[in-house]
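Engineer: Provided herewith: model_23.tsv, TSV, C-alpha atoms and all ligand atoms.
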chain	number	residue	atom	x	y	z
A	1	MET	CA	43.81	33.81	-13.93
A	2	ARG	CA	41.49	35.31	-11.33
A	3	ILE	CA	38.90	33.74	-9.02
A	4	ILE	CA	35.66	35.70	-9.22
A	5	ASN	CA	32.26	35.46	-7.49
A	6	THR	CA	29.19	34.53	-9.50
A	7	SER	CA	25.64	35.56	-8.61
A	8	ASP	CA	24.75	32.47	-6.54
A	9	GLY	CA	27.84	33.04	-4.37
A	10	SER	CA	29.92	30.28	-5.96
A	11	HIS	CA	33.29	31.00	-7.50
A	12	THR	CA	34.50	30.68	-11.04
A	13	ILE	CA	37.80	31.39	-12.78
A	14	TYR	CA	38.27	34.25	-15.21
A	15	LEU	CA	41.01	34.14	-17.84
A	16	PRO	CA	41.82	37.74	-18.87
A	17	GLU	CA	43.91	36.83	-21.93
A	18	MET	CA	40.96	34.91	-23.37
A	19	ASN	CA	38.27	37.10	-21.80
A	20	GLU	CA	36.49	33.89	-20.83
A	21	GLN	CA	35.36	32.28	-17.59
A	22	TYR	CA	34.92	28.64	-16.65
A	23	HIS	CA	31.22	29.03	-15.79
A	24	SER	CA	28.36	31.47	-16.12
A	25	VAL	CA	28.70	34.64	-14.05
A	26	ASN	CA	24.97	34.16	-13.33
A	27	GLY	CA	25.84	31.32	-10.95
A	28	ALA	CA	28.46	28.61	-11.45
A	29	ILE	CA	26.80	25.98	-9.26
A	30	THR	CA	23.37	26.96	-10.61
A	31	GLU	CA	24.50	26.56	-14.23
A	32	SER	CA	26.36	23.27	-13.73
A	33	THR	CA	23.49	21.75	-11.77
A	34	TYR	CA	20.96	22.75	-14.40
A	35	VAL	CA	22.84	21.93	-17.61
A	36	TYR	CA	24.86	18.87	-16.64
A	37	ILE	CA	23.09	17.25	-13.68
A	38	ASP	CA	19.42	17.98	-14.34
A	39	LYS	CA	19.41	17.86	-18.15
A	40	GLY	CA	22.16	15.26	-18.60
A	41	TYR	CA	23.00	12.94	-15.69
A	42	ASN	CA	19.49	12.80	-14.18
A	43	PHE	CA	17.87	12.53	-17.61
A	44	HIS	CA	19.67	9.33	-18.60
A	45	VAL	CA	17.96	6.15	-17.46
A	46	SER	CA	21.02	3.96	-16.80
A	47	LYS	CA	21.30	2.63	-13.24
A	48	ASN	CA	25.11	2.68	-13.48
A	49	PRO	CA	26.10	5.33	-16.02
A	50	THR	CA	29.47	6.23	-17.43
A	51	VAL	CA	29.95	9.97	-17.83
A	52	PHE	CA	32.53	11.54	-20.15
A	53	GLU	CA	33.38	15.19	-19.53
A	54	VAL	CA	35.18	17.50	-21.93
A	55	GLY	CA	37.20	19.87	-19.72
A	56	PHE	CA	37.67	18.89	-16.04
A	57	GLY	CA	38.60	22.49	-15.19
A	58	THR	CA	37.69	23.37	-11.60
A	59	GLY	CA	36.12	19.95	-10.97
A	60	LEU	CA	32.69	21.49	-10.30
A	61	ASN	CA	30.72	19.22	-12.67
A	62	CYS	CA	32.63	16.28	-11.26
A	63	LEU	CA	31.79	17.25	-7.66
A	64	LEU	CA	28.09	17.74	-8.40
A	65	THR	CA	27.93	14.38	-10.19
A	66	ALA	CA	29.70	12.59	-7.32
A	67	LEU	CA	27.21	14.09	-4.84
A	68	GLN	CA	24.22	13.15	-7.01
A	69	ALA	CA	25.56	9.60	-7.48
A	70	ALA	CA	25.88	9.20	-3.69
A	71	GLN	CA	22.43	10.64	-3.05
A	72	ASP	CA	20.84	8.30	-5.62
A	73	LYS	CA	23.09	5.33	-4.72
A	74	ARG	CA	23.82	5.14	-8.45
A	75	PRO	CA	27.25	3.65	-9.22
A	76	THR	CA	28.92	5.98	-11.68
A	77	ILE	CA	32.15	5.99	-13.66
A	78	TYR	CA	33.31	9.51	-14.45
A	79	ILE	CA	35.91	10.00	-17.18
A	80	THR	CA	37.15	13.53	-17.70
A	81	ILE	CA	39.85	15.07	-19.88
A	82	GLU	CA	41.87	18.18	-19.17
A	83	LYS	CA	44.79	19.66	-21.06
A	84	TYR	CA	45.63	22.52	-18.70
A	85	GLN	CA	45.47	21.41	-15.05
A	86	LEU	CA	44.75	24.20	-12.61
A	87	PRO	CA	47.40	24.77	-9.93
A	88	LYS	CA	46.64	23.52	-6.41
A	89	ASN	CA	46.87	26.99	-4.90
A	90	ILE	CA	43.91	27.98	-7.12
A	91	THR	CA	41.73	24.87	-6.62
A	92	ASP	CA	42.32	25.07	-2.84
A	93	GLN	CA	40.62	28.48	-2.82
A	94	LEU	CA	37.50	27.45	-4.78
A	95	ASN	CA	34.43	27.49	-2.51
A	96	PHE	CA	32.19	24.90	-4.24
A	97	GLY	CA	32.54	22.15	-1.62
A	98	ARG	CA	32.44	24.52	1.36
A	99	LEU	CA	29.27	26.19	0.07
A	100	ILE	CA	27.42	22.88	-0.21
A	101	SER	CA	28.39	20.95	2.95
A	102	GLU	CA	31.33	19.62	4.95
A	103	ASP	CA	30.96	16.24	3.19
A	104	ALA	CA	31.05	17.99	-0.19
A	105	ARG	CA	34.19	19.86	0.83
A	106	ILE	CA	35.92	16.54	1.55
A	107	VAL	CA	34.75	15.03	-1.76
A	108	PHE	CA	35.99	18.13	-3.62
A	109	ASP	CA	39.42	17.86	-1.98
A	110	ASN	CA	39.61	14.15	-2.86
A	111	ILE	CA	38.62	14.81	-6.46
A	112	HIS	CA	41.53	17.20	-6.79
A	113	ALA	CA	44.06	15.26	-4.73
A	114	CYS	CA	43.60	11.93	-6.53
A	115	LYS	CA	46.00	10.71	-9.21
A	116	TRP	CA	45.60	11.44	-12.90
A	117	ASN	CA	45.47	8.77	-15.60
A	118	GLU	CA	44.17	5.96	-13.40
A	119	VAL	CA	40.78	4.95	-12.07
A	120	VAL	CA	40.34	6.08	-8.46
A	121	PRO	CA	37.40	5.25	-6.18
A	122	ILE	CA	36.19	8.53	-4.65
A	123	SER	CA	33.24	6.97	-2.85
A	124	GLU	CA	31.19	3.76	-2.87
A	125	TYR	CA	29.24	5.13	-5.84
A	126	PHE	CA	31.80	7.16	-7.75
A	127	ASN	CA	34.92	6.09	-9.65
A	128	LEU	CA	36.96	8.82	-11.27
A	129	PHE	CA	39.37	8.68	-14.20
A	130	LYS	CA	41.03	12.06	-14.86
A	131	ILE	CA	42.91	12.04	-18.15
A	132	ASN	CA	45.64	14.60	-18.51
A	133	GLY	CA	45.51	15.02	-22.27
A	134	ASP	CA	44.43	16.97	-25.30
A	135	LEU	CA	40.99	16.14	-26.68
A	136	ILE	CA	42.14	17.18	-30.14
A	137	ASP	CA	44.75	14.45	-30.61
A	138	ILE	CA	43.85	11.78	-28.03
A	139	ASN	CA	42.65	8.38	-29.21
A	140	LEU	CA	39.41	7.75	-27.33
A	141	THR	CA	38.67	4.24	-28.59
A	142	GLN	CA	39.24	2.68	-25.13
A	143	PHE	CA	36.37	4.77	-23.70
A	144	VAL	CA	33.44	3.27	-25.58
A	145	ASN	CA	29.85	3.26	-24.31
A	146	CYS	CA	29.73	6.53	-22.41
A	147	ASP	CA	26.12	7.22	-21.46
A	148	VAL	CA	26.29	10.90	-20.66
A	149	ILE	CA	28.59	13.44	-22.31
A	150	TYR	CA	29.22	16.79	-20.66
A	151	PHE	CA	30.53	18.96	-23.50
A	152	ASP	CA	31.99	21.80	-21.42
A	153	ALA	CA	34.79	23.30	-23.54
A	154	PHE	CA	35.45	27.04	-23.61
A	155	GLY	CA	33.00	28.81	-25.92
A	156	PRO	CA	33.00	28.13	-29.67
A	157	ASP	CA	33.97	31.76	-30.31
A	158	LYS	CA	36.94	31.52	-27.91
A	159	GLN	CA	38.21	28.03	-28.73
A	160	PRO	CA	36.74	27.00	-32.13
A	161	GLU	CA	39.17	24.09	-32.48
A	162	MET	CA	37.20	22.23	-29.74
A	163	TRP	CA	33.87	22.52	-31.61
A	164	THR	CA	34.73	20.87	-34.93
A	165	PRO	CA	33.01	18.04	-36.85
A	166	LEU	CA	36.12	15.91	-36.20
A	167	ILE	CA	35.82	16.30	-32.41
A	168	PHE	CA	32.06	15.77	-32.49
A	169	ARG	CA	32.49	12.55	-34.52
A	170	LYS	CA	35.06	11.36	-31.98
A	171	ILE	CA	32.63	12.04	-29.14
A	172	TYR	CA	29.75	10.40	-31.03
A	173	SER	CA	31.84	7.27	-31.50
A	174	ILE	CA	32.30	6.81	-27.72
A	175	THR	CA	28.66	7.53	-26.86
A	176	SER	CA	26.40	4.56	-26.13
A	177	LEU	CA	23.17	4.06	-28.05
A	178	LYS	CA	20.55	6.38	-26.46
A	179	GLY	CA	23.47	8.20	-24.81
A	180	VAL	CA	22.93	11.86	-24.04
A	181	LEU	CA	25.15	14.86	-24.80
A	182	VAL	CA	24.53	18.17	-23.04
A	183	THR	CA	26.23	21.51	-23.51
A	184	TYR	CA	25.59	25.06	-22.37
A	185	SER	CA	26.13	26.29	-25.93
A	186	ALA	CA	23.04	26.91	-28.04
A	187	LYS	CA	24.85	28.00	-31.18
A	188	GLY	CA	23.12	27.01	-34.42
A	189	GLU	CA	26.35	25.79	-35.97
A	190	VAL	CA	27.06	23.52	-32.97
A	191	ARG	CA	23.54	22.07	-33.16
A	192	ARG	CA	23.88	21.44	-36.91
A	193	GLN	CA	27.32	19.81	-36.62
A	194	LEU	CA	26.19	17.53	-33.78
A	195	ALA	CA	23.08	16.61	-35.77
A	196	ALA	CA	25.25	15.85	-38.80
A	197	CYS	CA	27.18	13.30	-36.66
A	198	GLY	CA	23.96	11.50	-35.81
A	199	PHE	CA	22.78	13.08	-32.54
A	200	GLU	CA	19.07	13.86	-32.42
A	201	MET	CA	19.27	17.44	-31.18
A	202	GLU	CA	16.86	19.50	-29.11
A	203	ARG	CA	16.98	23.01	-27.72
A	204	LEU	CA	16.05	23.34	-24.06
A	205	PRO	CA	15.52	26.47	-21.98
A	206	GLY	CA	18.90	27.62	-20.68
A	207	PRO	CA	20.14	28.28	-17.14
A	208	PRO	CA	19.84	31.83	-15.70
A	209	GLY	CA	21.29	34.34	-18.16
A	210	LYS	CA	21.08	32.00	-21.17
A	211	ILE	CA	18.00	31.60	-23.31
A	212	GLN	CA	18.76	28.09	-24.52
A	213	MET	CA	21.10	25.11	-24.24
A	214	LEU	CA	21.50	21.97	-26.34
A	215	ARG	CA	20.86	18.31	-25.72
A	216	GLY	CA	21.50	15.48	-28.16
A	217	ILE	CA	20.57	11.82	-28.05
A	218	LYS	CA	22.41	9.13	-30.02
A	301	LIG	C1	34.61	25.78	-19.57
A	301	LIG	S1	36.05	25.10	-18.84
A	301	LIG	C2	35.47	23.64	-18.05
A	301	LIG	C3	34.80	23.81	-16.74
A	301	LIG	C4	34.71	22.52	-16.00
A	301	LIG	N1	33.87	21.53	-16.62
A	301	LIG	C5	34.32	22.76	-14.56
A	301	LIG	O1	33.38	22.11	-14.05
A	301	LIG	O2	34.98	23.58	-13.94
A	301	LIG	C6	36.86	24.36	-20.27
A	301	LIG	C7	37.99	23.43	-19.90
A	301	LIG	O3	38.51	22.80	-21.08
A	301	LIG	C8	39.91	22.67	-20.93
A	301	LIG	N2	40.55	22.49	-22.25
A	301	LIG	C9	40.89	23.46	-23.16
A	301	LIG	N3	41.43	22.90	-24.26
A	301	LIG	C10	41.45	21.55	-24.06
A	301	LIG	C11	41.89	20.44	-24.84
A	301	LIG	N4	42.42	20.63	-26.06
A	301	LIG	N5	41.77	19.21	-24.33
A	301	LIG	C12	41.23	19.02	-23.09
A	301	LIG	N6	40.78	20.04	-22.30
A	301	LIG	C13	40.89	21.29	-22.77
A	301	LIG	C14	40.27	24.01	-20.28
A	301	LIG	O4	41.55	23.98	-19.70
A	301	LIG	C15	39.16	24.16	-19.25
A	301	LIG	O5	39.47	23.54	-18.04
Please go through the file and, once you have read it, give me the structure as structure tokens.
Structural biologist:
Amino acid sequence: MRIINTSDGSHTIYLPEMNEQYHSVNGAITESTYVYIDKGYNFHVSKNPTVFEVGFGTGLNCLLTALQAAQDKRPTIYITIEKYQLPKNITDQLNFGRLISEDARIVFDNIHACKWNEVVPISEYFNLFKINGDLIDINLTQFVNCDVIYFDAFGPDKQPEMWTPLIFRKIYSITSLKGVLVTYSAKGEVRRQLAACGFEMERLPGPPGKIQMLRGIK
């Protein structure tokens, strides 16, 4: 894997064997803020939401959510699943926290340093549960009533096994009524499959470099 710069100055990771990166090259922080924070986390009305993220990856979505939760004084539980943990020597180099502020740098370090598979308080307003597991075979029934879903798997063309009706049904079953799912993908097949599960789907303008993204409401 290689750390690369994106156009807003923030890093992302490029995987040559897959020819895929973790975020948009048009700005990692810009994309994550737009798709997941603005259109997902900030859109949901709950005063104390539970977020479920598919693919913890670099921890960028997690960092941005923790910062937003603190700013809004909005107690948040953040559950995230990751099959392939990034090595510490890679996450230590990522500039997300440093680019934002000294406080953000500390939060980013804590998000990475904390234990997996248990709930850890990161701040007064942010509890984190990092699951080291495989979304495909994990039983998610203990995580009911998630208000906001960040569906941030590698692209449907690169990892089609993460974008199946079976996975979408699993995600639907842990989403609360009126819960919101957001994803950077705008693929017609993804929209149709999510709609078939019961999500009311809409297309929204995408972040820089992408025409559209998807949002669904249960
Ligand atoms: C697009 S990246 C996620 C980026 C991440 N949300 C961030 O803020 O950096 C997709 C992530 O899904 C993870 N992943 C791939 N297959 C998985 C699986 N079967 N179960 C759980 N996570 C998986 C990858 O390792 C990768 O970290």
Engineer: Give as a short mmCIF file (atom, residue, chain, number, x, y, z; two decimals) with C-alpha atoms, in the frame of the given file every residue, naming chains and numbers as the document does, that has an atom within 12 Å of (25.0, 17.7, -14.7), counting only C-alpha atoms.
Structural biologist:
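Writing the result to point_3.cif gives the following:
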data_model
loop_
_atom_site.label_atom_id
_atom_site.label_comp_id
_atom_site.auth_asym_id
_atom_site.auth_seq_id
_atom_site.Cartn_x
_atom_site.Cartn_y
_atom_site.Cartn_z
CA ALA A 28 28.46 28.61 -11.45
CA ILE A 29 26.80 25.98 -9.26
CA THR A 30 23.37 26.96 -10.61
CA GLU A 31 24.50 26.56 -14.23
CA SER A 32 26.36 23.27 -13.73
CA THR A 33 23.49 21.75 -11.77
CA TYR A 34 20.96 22.75 -14.40
CA VAL A 35 22.84 21.93 -17.61
CA TYR A 36 24.86 18.87 -16.64
CA ILE A 37 23.09 17.25 -13.68
CA ASP A 38 19.42 17.98 -14.34
CA LYS A 39 19.41 17.86 -18.15
CA GLY A 40 22.16 15.26 -18.60
CA TYR A 41 23.00 12.94 -15.69
CA ASN A 42 19.49 12.80 -14.18
CA PHE A 43 17.87 12.53 -17.61
CA HIS A 44 19.67 9.33 -18.60
CA VAL A 51 29.95 9.97 -17.83
CA PHE A 52 32.53 11.54 -20.15
CA GLU A 53 33.38 15.19 -19.53
CA GLY A 59 36.12 19.95 -10.97
CA LEU A 60 32.69 21.49 -10.30
CA ASN A 61 30.72 19.22 -12.67
CA CYS A 62 32.63 16.28 -11.26
CA LEU A 63 31.79 17.25 -7.66
CA LEU A 64 28.09 17.74 -8.40
CA THR A 65 27.93 14.38 -10.19
CA ALA A 66 29.70 12.59 -7.32
CA LEU A 67 27.21 14.09 -4.84
CA GLN A 68 24.22 13.15 -7.01
CA ALA A 69 25.56 9.60 -7.48
CA TYR A 78 33.31 9.51 -14.45
CA VAL A 148 26.29 10.90 -20.66
CA ILE A 149 28.59 13.44 -22.31
CA TYR A 150 29.22 16.79 -20.66
CA PHE A 151 30.53 18.96 -23.50
CA ASP A 152 31.99 21.80 -21.42
CA VAL A 180 22.93 11.86 -24.04
CA LEU A 181 25.15 14.86 -24.80
CA VAL A 182 24.53 18.17 -23.04
CA THR A 183 26.23 21.51 -23.51
CA TYR A 184 25.59 25.06 -22.37
CA PRO A 207 20.14 28.28 -17.14
CA ARG A 215 20.86 18.31 -25.72
#
Engineer: Quick one: distance from atom CA of Leu140 of chain A to atom CA of Phe108 of chain A in Å, one decimal?
Structural biologist: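 Here the two named atoms are 26.1 Å from each other.
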Engineer: Near Ser123 of chain A, within 10 Å and counting all atoms listed in the file, which residues show up once chain neighbours fewer than 4 positions away are dropped, as a tab-separated table (two decimals) with C-alpha atoms, keeping the file's coordinate frame?
Structural biologist:
chain	number	residue	atom	x	y	z
A	66	ALA	CA	29.70	12.59	-7.32
A	67	LEU	CA	27.21	14.09	-4.84
A	69	ALA	CA	25.56	9.60	-7.48
A	70	ALA	CA	25.88	9.20	-3.69
A	75	PRO	CA	27.25	3.65	-9.22
A	76	THR	CA	28.92	5.98	-11.68
A	107	VAL	CA	34.75	15.03	-1.76
A	110	ASN	CA	39.61	14.15	-2.86
A	127	ASN	CA	34.92	6.09	-9.65
A	128	LEU	CA	36.96	8.82	-11.27
Engineer: Can you report as JSON the centre and edge lengths in Å, to one decimal, of an axis-aligned box around the listed atoms of segment 199-204 of chain A padded with 4 Å on each side?
Structural biologist:
{"center_x": 19.4, "center_y": 18.2, "center_z": -28.3, "size_x": 14.7, "size_y": 18.3, "size_z": 16.5}
Engineer: Counting all atoms listed in the file, figure out which residue out of A:Ser46, A:Asn145, A:Gln159, A:Ser7 gets nearest to ligand LIG 301 (chain A).
Structural biologist: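 For ligand LIG 301 (chain A), the nearest of the given residues is A:Gln159.
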Engineer: Measuring between all atoms listed in the file, which one of A:Ile100, A:Ile167, A:Leu194, A:Ile81 shows the shortest distance to ligand LIG 301 (chain A)?
Structural biologist: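 Using all atoms listed in the file, ligand LIG 301 (chain A) sits closest to A:Ile81.
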